[in-house]
file query_9.cif (mmCIF, C-alpha atoms and all ligand atoms)
data_run
loop_
_atom_site.label_atom_id
_atom_site.label_comp_id
_atom_site.auth_asym_id
_atom_site.auth_seq_id
_atom_site.Cartn_x
_atom_site.Cartn_y
_atom_site.Cartn_z
CA MET A 24 106.92 103.47 110.86
CA GLY A 25 106.32 99.75 110.63
CA SER A 26 104.84 98.13 107.59
CA HIS A 27 101.29 96.87 107.41
CA GLY A 28 102.50 93.90 105.42
CA SER A 29 102.45 93.36 101.74
CA LEU A 30 99.49 93.79 99.46
CA LEU A 31 98.59 91.15 96.95
CA LEU A 32 97.33 92.76 93.79
CA GLY A 33 96.35 90.28 91.10
CA GLY A 34 99.09 87.94 92.34
CA LEU A 35 101.68 90.72 92.54
CA SER A 36 103.10 91.37 96.01
CA ILE A 37 103.72 95.00 96.91
CA GLY A 38 105.54 96.30 99.98
CA ALA A 39 107.02 94.61 103.04
CA GLY A 40 110.24 93.47 101.45
CA SER A 41 108.87 92.74 97.97
CA PRO A 42 110.95 94.19 95.13
CA ILE A 43 109.98 97.76 94.32
CA ARG A 44 107.48 97.39 91.49
CA VAL A 45 107.66 99.23 88.20
CA GLU A 46 104.36 100.54 86.86
CA SER A 47 103.08 102.32 83.82
CA MET A 48 99.73 103.46 82.47
CA LEU A 49 98.03 102.51 79.22
CA LYS A 50 98.23 105.35 76.75
CA THR A 51 95.84 103.51 74.42
CA PRO A 52 92.17 104.10 75.26
CA LEU A 53 90.00 101.08 76.10
CA ALA A 54 87.95 101.86 72.99
CA ASP A 55 90.83 100.22 71.10
CA PRO A 56 91.16 96.80 72.78
CA GLU A 57 93.61 95.40 70.20
CA GLY A 58 95.83 98.45 70.67
CA CYS A 59 95.59 97.98 74.45
CA MET A 60 96.71 94.36 74.17
CA GLU A 61 99.60 95.33 71.94
CA GLU A 62 100.70 97.97 74.43
CA LEU A 63 100.24 95.61 77.40
CA ASN A 64 102.35 92.92 75.74
CA ALA A 65 105.10 95.42 74.96
CA LEU A 66 104.99 96.72 78.54
CA HIS A 67 105.16 93.18 79.86
CA ALA A 68 108.19 92.40 77.69
CA SER A 69 109.90 95.51 79.04
CA GLY A 70 109.43 94.36 82.64
CA CYS A 71 106.36 96.39 83.62
CA GLU A 72 104.55 94.77 86.55
CA LEU A 73 101.38 96.79 87.04
CA VAL A 74 99.41 98.93 84.61
CA ARG A 75 96.80 101.57 85.26
CA THR A 76 94.10 102.27 82.74
CA ALA A 77 91.64 105.14 82.53
CA TYR A 78 88.11 103.77 82.84
CA THR A 79 85.62 106.37 81.78
CA SER A 80 82.48 104.70 80.48
CA LEU A 81 80.24 101.93 81.79
CA ASP A 82 79.67 100.82 78.20
CA GLN A 83 83.25 99.62 78.15
CA GLU A 84 82.80 97.01 80.88
CA PRO A 85 82.85 94.05 78.43
CA ILE A 86 86.02 95.43 76.81
CA LEU A 87 87.67 95.98 80.18
CA ALA A 88 86.73 92.44 81.25
CA ARG A 89 88.34 91.02 78.10
CA VAL A 90 91.49 93.07 78.46
CA VAL A 91 91.81 92.16 82.16
CA GLU A 92 91.43 88.50 81.31
CA LYS A 93 94.01 88.53 78.53
CA SER A 94 96.49 90.95 80.07
CA PRO A 95 99.83 89.48 81.15
CA ILE A 96 100.04 92.23 83.82
CA PRO A 97 97.55 93.10 86.58
CA LEU A 98 95.42 96.13 85.78
CA MET A 99 94.32 98.99 87.99
CA ALA A 100 91.29 100.97 86.84
CA ASP A 101 91.57 104.70 87.28
CA ILE A 102 88.19 106.13 88.30
CA HIS A 103 87.10 109.71 88.75
CA PHE A 104 84.03 110.56 90.82
CA ASN A 105 81.62 107.87 89.60
CA HIS A 106 81.22 104.99 92.05
CA ARG A 107 79.37 102.99 89.38
CA LEU A 108 82.54 102.92 87.35
CA ALA A 109 84.44 101.56 90.35
CA LEU A 110 81.82 98.82 90.85
CA SER A 111 81.89 98.05 87.14
CA ALA A 112 85.70 97.80 87.06
CA LEU A 113 85.57 95.35 89.96
CA THR A 114 82.87 93.33 88.21
CA ALA A 115 85.10 93.29 85.12
CA GLY A 116 87.76 91.59 87.26
CA CYS A 117 90.18 94.45 87.95
CA PRO A 118 92.26 93.51 90.98
CA SER A 119 92.65 97.16 91.88
CA VAL A 120 90.91 100.50 91.47
CA ARG A 121 92.18 103.98 92.04
CA VAL A 122 89.53 106.19 93.59
CA ASN A 123 89.11 109.15 95.85
CA PRO A 124 86.84 107.78 98.59
CA GLY A 125 85.83 111.35 99.44
CA ASN A 126 84.21 112.05 96.07
CA LEU A 127 82.32 108.88 95.20
CA GLY A 128 78.97 110.47 96.00
CA GLY A 129 78.54 110.01 99.76
CA GLU A 130 78.24 107.26 102.31
CA GLY A 131 75.95 104.90 100.39
CA PRO A 132 78.04 104.68 97.21
CA LEU A 133 81.26 104.46 99.25
CA ARG A 134 79.88 101.54 101.31
CA GLU A 135 78.82 99.81 98.10
CA VAL A 136 82.31 100.13 96.63
CA LEU A 137 83.99 98.97 99.85
CA GLY A 138 81.61 96.00 100.02
CA GLU A 139 82.58 94.96 96.49
CA VAL A 140 86.26 95.55 97.18
CA GLU A 141 86.02 93.30 100.25
CA LYS A 142 84.21 90.64 98.26
CA THR A 143 86.73 90.59 95.43
CA GLY A 144 89.87 91.09 97.56
CA ALA A 145 90.84 94.06 95.42
CA VAL A 146 93.29 96.77 96.46
CA LEU A 147 92.33 100.43 96.60
CA ARG A 148 94.82 103.02 95.57
CA ILE A 149 94.04 106.38 97.05
CA GLY A 150 95.95 109.59 96.87
CA ALA A 151 96.18 113.18 95.82
CA ASN A 152 97.89 115.19 93.12
CA GLY A 153 99.45 118.60 93.64
CA GLY A 154 97.31 120.01 90.84
CA SER A 155 94.04 119.12 92.55
CA LEU A 156 94.70 120.77 95.92
CA ASN A 157 91.96 123.28 96.73
CA ARG A 158 92.25 126.61 98.52
CA GLY A 159 90.94 125.22 101.81
CA GLN A 160 93.53 122.43 101.84
CA LEU A 161 96.31 124.90 101.11
CA GLU A 162 95.13 127.32 103.80
CA ARG A 163 94.93 124.58 106.42
CA ALA A 164 98.55 123.72 105.65
CA GLY A 165 99.59 127.38 105.94
CA GLY A 166 100.58 127.45 102.27
CA ASP A 167 102.98 124.50 102.67
CA ARG A 168 102.08 122.58 99.51
CA GLY A 169 103.90 119.39 100.51
CA LEU A 170 102.05 119.32 103.82
CA ALA A 171 98.76 120.09 102.06
CA LEU A 172 99.36 117.17 99.72
CA ALA A 173 100.06 114.81 102.62
CA GLN A 174 96.97 116.05 104.45
CA ALA A 175 94.83 115.57 101.35
CA VAL A 176 95.92 111.91 101.26
CA GLU A 177 95.28 111.59 105.00
CA GLU A 178 91.73 112.89 104.55
CA GLN A 179 91.05 110.07 102.11
CA LEU A 180 92.82 107.51 104.26
CA ARG A 181 90.78 108.50 107.31
CA VAL A 182 87.55 107.87 105.40
CA LEU A 183 88.68 104.30 104.82
CA LEU A 184 90.19 103.65 108.25
CA ASP A 185 86.98 104.89 109.92
CA ARG A 186 85.19 102.13 108.02
CA GLY A 187 87.75 99.51 108.94
CA PHE A 188 89.33 99.27 105.50
CA GLU A 189 93.12 99.06 105.27
CA ARG A 190 93.99 97.32 102.00
CA VAL A 191 95.34 100.52 100.50
CA LEU A 192 98.16 101.83 98.43
CA LEU A 193 98.90 105.50 99.10
CA SER A 194 100.15 108.05 96.63
CA ALA A 195 101.02 111.74 96.87
CA LYS A 196 102.27 113.13 93.60
CA SER A 197 103.08 116.49 92.17
CA SER A 198 105.08 117.71 89.23
CA ASP A 199 107.25 119.56 91.73
CA VAL A 200 110.06 117.45 93.18
CA GLY A 201 110.32 119.23 96.54
CA GLU A 202 106.59 119.09 97.14
CA THR A 203 106.37 115.39 96.27
CA VAL A 204 109.36 114.52 98.44
CA ARG A 205 107.99 116.41 101.44
CA ALA A 206 104.50 114.90 101.15
CA ASN A 207 105.85 111.36 100.87
CA GLN A 208 108.28 111.83 103.74
CA LEU A 209 105.43 113.03 105.95
CA LEU A 210 103.16 110.14 104.98
CA SER A 211 105.83 107.51 105.39
CA SER A 212 106.77 108.87 108.83
CA ARG A 213 103.14 108.62 109.94
CA TYR A 214 101.90 105.40 108.31
CA GLY A 215 103.23 102.06 107.19
CA TYR A 216 100.94 101.49 104.23
CA PRO A 217 102.60 100.60 100.93
CA MET A 218 103.27 103.67 98.83
CA HIS A 219 103.21 104.35 95.13
CA VAL A 220 105.72 107.06 94.24
CA GLY A 221 106.36 109.22 91.22
CA ILE A 222 106.68 112.73 89.93
CA THR A 223 103.56 113.43 87.96
CA GLU A 224 103.51 115.11 84.54
CA ALA A 225 107.29 115.09 84.62
CA GLY A 226 107.64 116.12 80.98
CA PRO A 227 109.17 114.78 77.75
CA LEU A 228 111.70 111.92 77.77
CA GLU A 229 114.85 113.83 78.72
CA GLU A 230 113.41 116.41 81.08
CA GLY A 231 111.02 113.93 82.67
CA THR A 232 113.74 111.36 83.18
CA VAL A 233 115.88 113.87 85.03
CA ARG A 234 113.05 115.19 87.17
CA SER A 235 111.79 111.71 88.01
CA SER A 236 115.28 110.46 88.77
CA VAL A 237 115.96 113.31 91.17
CA GLY A 238 112.62 112.96 92.98
CA LEU A 239 112.51 109.18 93.06
CA GLY A 240 116.21 109.02 93.87
CA ILE A 241 115.67 111.04 97.04
CA LEU A 242 112.64 109.04 98.13
CA LEU A 243 113.91 105.57 97.30
CA SER A 244 117.28 106.22 98.90
CA GLN A 245 115.37 106.99 102.10
CA GLY A 246 113.49 103.71 101.84
CA ILE A 247 110.25 105.38 100.71
CA GLY A 248 108.28 103.80 97.87
CA ASP A 249 106.97 100.32 97.10
CA THR A 250 105.84 100.83 93.51
CA LEU A 251 106.89 103.58 91.13
CA ARG A 252 105.90 105.16 87.89
CA VAL A 253 108.03 107.42 85.78
CA SER A 254 105.47 109.66 84.01
CA LEU A 255 106.81 110.66 80.63
CA SER A 256 105.40 112.15 77.45
CA ALA A 257 106.93 109.11 75.76
CA PRO A 258 105.93 105.47 75.18
CA GLY A 259 105.25 103.47 78.33
CA VAL A 260 108.14 101.10 77.63
CA ARG A 261 110.48 104.07 78.01
CA GLU A 262 108.89 104.85 81.39
CA VAL A 263 109.59 101.27 82.45
CA ARG A 264 113.16 101.35 81.20
CA VAL A 265 113.86 104.57 83.12
CA GLY A 266 112.15 103.15 86.21
CA TYR A 267 114.45 100.13 86.24
CA GLU A 268 117.49 102.29 85.57
CA ILE A 269 116.64 104.41 88.63
CA LEU A 270 116.29 101.27 90.75
CA ARG A 271 119.53 99.87 89.37
CA SER A 272 121.39 103.10 90.07
CA LEU A 273 120.41 102.80 93.71
CA GLY A 274 121.29 99.11 93.88
CA LEU A 275 117.64 98.20 94.48
CA ARG A 276 116.87 96.04 91.42
CA GLU A 277 118.50 94.65 88.32
CA ARG A 278 116.76 94.27 85.01
CA GLY A 279 118.57 93.36 81.81
CA ALA A 280 122.06 94.35 80.84
CA HIS A 281 123.95 97.17 82.49
CA TRP A 282 125.66 99.54 80.09
CA VAL A 283 129.01 101.21 80.56
CA SER A 284 129.89 103.48 77.66
CA CYS A 285 132.09 106.51 77.37
CA PRO A 286 130.89 109.91 76.14
CA THR A 287 133.74 109.84 73.55
CA CYS A 288 136.31 112.54 72.95
CA GLY A 289 138.99 113.35 70.41
CA ARG A 290 140.87 110.14 71.36
CA ARG A 291 138.14 107.81 70.13
CA ARG A 292 138.99 105.17 67.58
CA ILE A 293 135.48 103.75 67.17
CA GLU A 294 132.12 105.52 66.90
CA VAL A 295 130.77 104.69 70.35
CA LEU A 296 127.38 106.34 69.89
CA GLN A 297 126.62 104.28 66.79
CA TRP A 298 127.99 101.04 68.24
CA VAL A 299 125.88 101.35 71.36
CA GLU A 300 122.77 101.54 69.18
CA ARG A 301 123.91 98.65 66.97
CA LEU A 302 124.70 96.43 69.95
CA ARG A 303 121.49 97.31 71.79
CA PRO A 304 119.44 94.41 70.32
CA LEU A 305 122.15 91.97 71.50
CA ALA A 306 122.21 93.59 74.94
CA GLU A 307 118.46 93.26 75.29
CA ARG A 308 118.82 89.49 75.37
CA LEU A 309 121.45 89.47 78.12
CA PRO A 310 120.75 88.27 81.67
CA ASP A 311 119.99 90.71 84.49
CA GLY A 312 123.07 92.50 85.75
CA PHE A 313 125.38 91.53 82.86
CA THR A 314 127.67 94.51 82.20
CA LEU A 315 128.50 95.41 78.61
CA ALA A 316 131.01 98.20 77.93
CA VAL A 317 131.66 100.20 74.78
CA MET A 318 134.61 102.56 75.10
CA GLY A 319 136.13 104.83 72.49
CA CYS A 320 139.82 104.06 72.96
CA GLU A 321 142.32 101.70 74.51
CA VAL A 322 143.94 104.49 76.56
CA ASN A 323 141.24 104.63 79.22
CA GLY A 324 138.62 102.19 78.03
CA PRO A 325 139.56 98.79 79.45
CA ARG A 326 140.76 100.29 82.72
CA GLU A 327 137.67 102.40 83.32
CA ALA A 328 135.38 99.55 82.38
CA ALA A 329 137.46 96.87 84.10
CA GLY A 330 134.42 95.40 85.83
CA ALA A 331 132.55 94.73 82.58
CA ASP A 332 131.57 91.15 81.77
CA LEU A 333 132.44 92.02 78.19
CA GLY A 334 133.85 95.23 76.79
CA VAL A 335 134.82 96.73 73.47
CA ALA A 336 137.37 99.53 73.16
CA GLY A 337 138.71 101.29 70.08
CA ALA A 338 142.36 100.34 69.40
CA PRO A 339 144.97 101.01 66.70
CA GLY A 340 143.80 99.09 63.63
CA GLY A 341 140.32 98.36 64.98
CA PHE A 342 139.00 97.39 68.39
CA LEU A 343 139.95 95.21 71.29
CA LEU A 344 137.66 92.97 73.25
CA PHE A 345 138.16 92.59 76.97
CA ARG A 346 136.57 90.61 79.73
CA LYS A 347 136.84 91.83 83.34
CA GLY A 348 139.68 94.11 82.21
CA VAL A 349 141.67 91.31 80.51
CA PRO A 350 142.19 91.78 76.72
CA LEU A 351 140.96 88.91 74.54
CA GLY A 352 142.38 90.15 71.24
CA THR A 353 142.32 92.89 68.62
CA TRP A 354 140.38 92.78 65.33
CA PRO A 355 139.38 95.15 62.50
CA VAL A 356 136.27 97.18 63.21
CA GLU A 357 134.27 95.39 60.47
CA GLU A 358 134.25 92.30 62.71
CA LEU A 359 133.03 94.10 65.82
CA GLU A 360 129.41 92.95 65.90
CA GLU A 361 130.21 89.38 64.98
CA ARG A 362 133.03 89.11 67.56
CA VAL A 363 130.88 90.59 70.30
CA GLN A 364 128.08 88.18 69.49
CA LYS A 365 130.44 85.21 69.53
CA ALA A 366 132.08 86.30 72.80
CA LEU A 367 128.67 86.79 74.43
CA GLU A 368 127.57 83.32 73.35
CA ASP A 369 130.77 81.79 74.77
CA ILE A 370 130.40 83.60 78.07
CA LEU A 371 126.73 82.75 78.44
CA ILE A 372 127.20 79.08 77.48
CA ARG A 373 130.05 78.85 80.01
CA ARG A 374 127.82 80.45 82.67
CA CYS A 375 125.13 77.86 82.02
CA THR A 376 127.52 74.92 82.22
CA ASP A 377 129.60 76.18 85.19
FE1 LIG B 401 137.85 109.59 75.28
FE2 LIG B 401 138.86 107.14 75.33
FE3 LIG B 401 137.73 108.17 77.54
FE4 LIG B 401 136.23 107.51 75.47
S1 LIG B 401 137.45 106.08 76.72
S2 LIG B 401 136.09 109.40 76.63
S3 LIG B 401 137.52 107.99 73.74
S4 LIG B 401 139.61 108.88 76.52
#
call {"tool": "encode", "arguments": {"input": "query_9.cif", "output": "structure tokens", "more": "lines below"}}
Ligand code: SF4
result
Amino acid sequence: MGSHGSLLLGGLSIGAGSPIRVESMLKTPLADPEGCMEELNALHASGCELVRTAYTSLDQEPILARVVEKSPIPLMADIHFNHRLALSALTAGCPSVRVNPGNLGGEGPLREVLGEVEKTGAVLRIGANGGSLNRGQLERAGGDRGLALAQAVEEQLRVLLDRGFERVLLSAKSSDVGETVRANQLLSSRYGYPMHVGITEAGPLEEGTVRSSVGLGILLSQGIGDTLRVSLSAPGVREVRVGYEILRSLGLRERGAHWVSCPTCGRRRIEVLQWVERLRPLAERLPDGFTLAVMGCEVNGPREAAGADLGVAGAPGGFLLFRKGVPLGTWPVEELEERVQKALEDILIRRCTD
């Protein structure tokens, strides 16, 4: 299905060849604006490009307006049922709102929201979650939950298309991988609107990372998805990190350093697990796509990490440093951090002057 072109959401392009965007959602409530700003700044530093926030009370409009104004990332207000909240979020300057056009209270309220959306140039995200499918929707799909999910999104989309509105981002999410994949495949085969993808309520860090990676891996490798969120019971910055790692694994985007490290075994001569953590702050300052390797021994290390821009491998008497598989020297382990830092500086200075 062809694309309907990219959306511009608070200056951020989505779809039609734009990089696949990495989203998160504020875990801090708007009632704590300082906390929200702290979280937004941390998300921004981690590479997050779009943030959703729950907007639940009209009283918070001045707070929302302040946060929108100061936020380094565009905000999307998440609205349930109340069209006044949608209007208020738009008045507060949100470049996007997530609503269900079918439950805003009828034709009048819907027209009001669409009028305001047109006026402000905002983007509407619409969509359905597996958990909110009703019996009628499931029966109409013959019990096929993925189909029911896709049809639930189509119902909402039709409401907008009938009124000539197309500036939409679609989403069909479930905590079940198969259901989410099927719904998104159906929608993407029928429409060309930009799609937000994710596995919802995916679980704690480890479990959720696996489930999201499997689901998003299938969809993204089929070219489905223009923005993604990894939903984890963990800080938003972890969601963003996992999101980029999924994109990197598929060769779709680079963000920050790329790690190669061995799982260690009885041959190890350095404590890889500890060194990875100690070198992490250095790695966080490296340019996109720079590959840093930490390997336990010289037997397999340099060969298996031959492509690394810089690598460390345990060796008799300490560790050896290597660059693109070529050894640079061997030193005692006490000098590891300092030598890595120095080698990184040399490489990066050379890159800048080349
Ligand atoms: Fe074991 Fe060496 Fe391979 Fe690490 S690099 S897993 S220590 S053989």
call {"tool": "residues_near_ligand", "arguments": {"input": "query_9.cif", "ligand": "ligand LIG 401 (chain B)", "cutoff": "12 Å", "atoms": "only C-alpha atoms and all ligand atoms", "output": "count of residues only"}}
result
34
call {"tool": "atom_distance", "arguments": {"input": "query_9.cif", "atom1": "atom CA of A:Glu92", "atom2": "atom CA of A:Ala112"}}
result
12.3 Å
call {"tool": "residues_around", "arguments": {"input": "query_9.cif", "residues": "A:Pro304", "least_positions_apart": "3", "cutoff": "12 Å", "atoms": "only C-alpha atoms", "output": "list in words"}}
result
Gly279, Ala280, Trp298, Val299, Glu300, Arg301, Glu307, Arg308, Leu309, Glu360 and Gln364 of chain A
call {"tool": "atom_distance", "arguments": {"input": "query_9.cif", "atom1": "atom CA of A:Ser41", "atom2": "atom CA of A:Leu275"}}
result
10.9 Å
call {"tool": "closest_residue", "arguments": {"input": "query_9.cif", "among": "A:Arg75, A:Arg107, A:Arg190, A:Arg373", "to": "A:Ala145", "atoms": "all atoms listed in the file"}}
result
A:Arg190
